[in-house]
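Visitor: Dropping a structure here in structure tokens format, bear with me for questions.
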Amino acid sequence: MATKKLDMKKMSAEELSKKLSETRTELRTLRFAQAGSRPADTTAPRKARVLIARILTEQNARATAEAVTA
């Protein structure tokens with residue numbers, strides 16, 4: 001899950017959307033696992049949420065840039 005900001009700028013739109021869906025699925029499984037027992041890494045859900053926010057921010061920046069140039 002160690003995806004840096006610079007790595008996201010290099011990803012294509014399809015790769016970003018795929019990474020977003022994978023991370024959302026991971027967050028969902030982390031939430032269910034946390035509800036059942038004590039997780040090993042208690043910060044994993046927060047890391048997943050931050051990654052989702054970074055991906056959405058990059059997608060929004062690209063959409064805004066396209067709207068400005070068009």
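Just so we're on the same page: first chain in the structure tokens is A, next is B, and so on; residues restart at 1 for each chain, and ligands are numbered from 1 in the order they show up.
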Using only C-alpha atoms, determine which residues lie at most 10 Å from A:Thr25, disregarding the query and same-chain residues fewer than 6 positions distant; provide the list as a ChimeraX atom specification.
Guide: /A:19,31,48
Visitor: Take the selection from the previous step and output its residues with C-alpha atoms, as a PDB file, in the first residue's frame.
Guide:
```pdb
ATOM      1  CA  LYS A  19      -6.185   0.727  -7.485  1.00  0.00           C
ATOM      2  CA  ARG A  31     -13.556  -3.222   8.734  1.00  0.00           C
ATOM      3  CA  ALA A  48      -6.371   2.637   3.324  1.00  0.00           C
TER       4      ALA A  48
END
```
Visitor: For each of A:Lys10, A:Thr64, A:Leu30, A:Gln59, take the minimum atom-to-atom distance to A:Thr43, counting only C-alpha atoms, then give the residue where this is smallest.
Guide: A:Leu30
Visitor: For each of A:Ala13, A:Leu6, A:Leu20, A:Ala63, take the minimum atom-to-atom distance to A:Val50, counting only C-alpha atoms, then give the residue where this is smallest.
Guide: A:Leu20
Visitor: When DSSP is applied to the backbone of this structure, which of chain A are assigned helix (DSSP H, G or I)? Write them out as a PyMOL selection string.
Guide: chain A and resi 5-10+13-36+44-69
Visitor: So, with only C-alpha atoms as the atoms that count, which of A:Ala70, A:Ala35, A:Ala61, A:Ile55 lies closest to A:Glu22?
Guide: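 Using only C-alpha atoms, the shortest distance to A:Glu22 belongs to A:Ile55.
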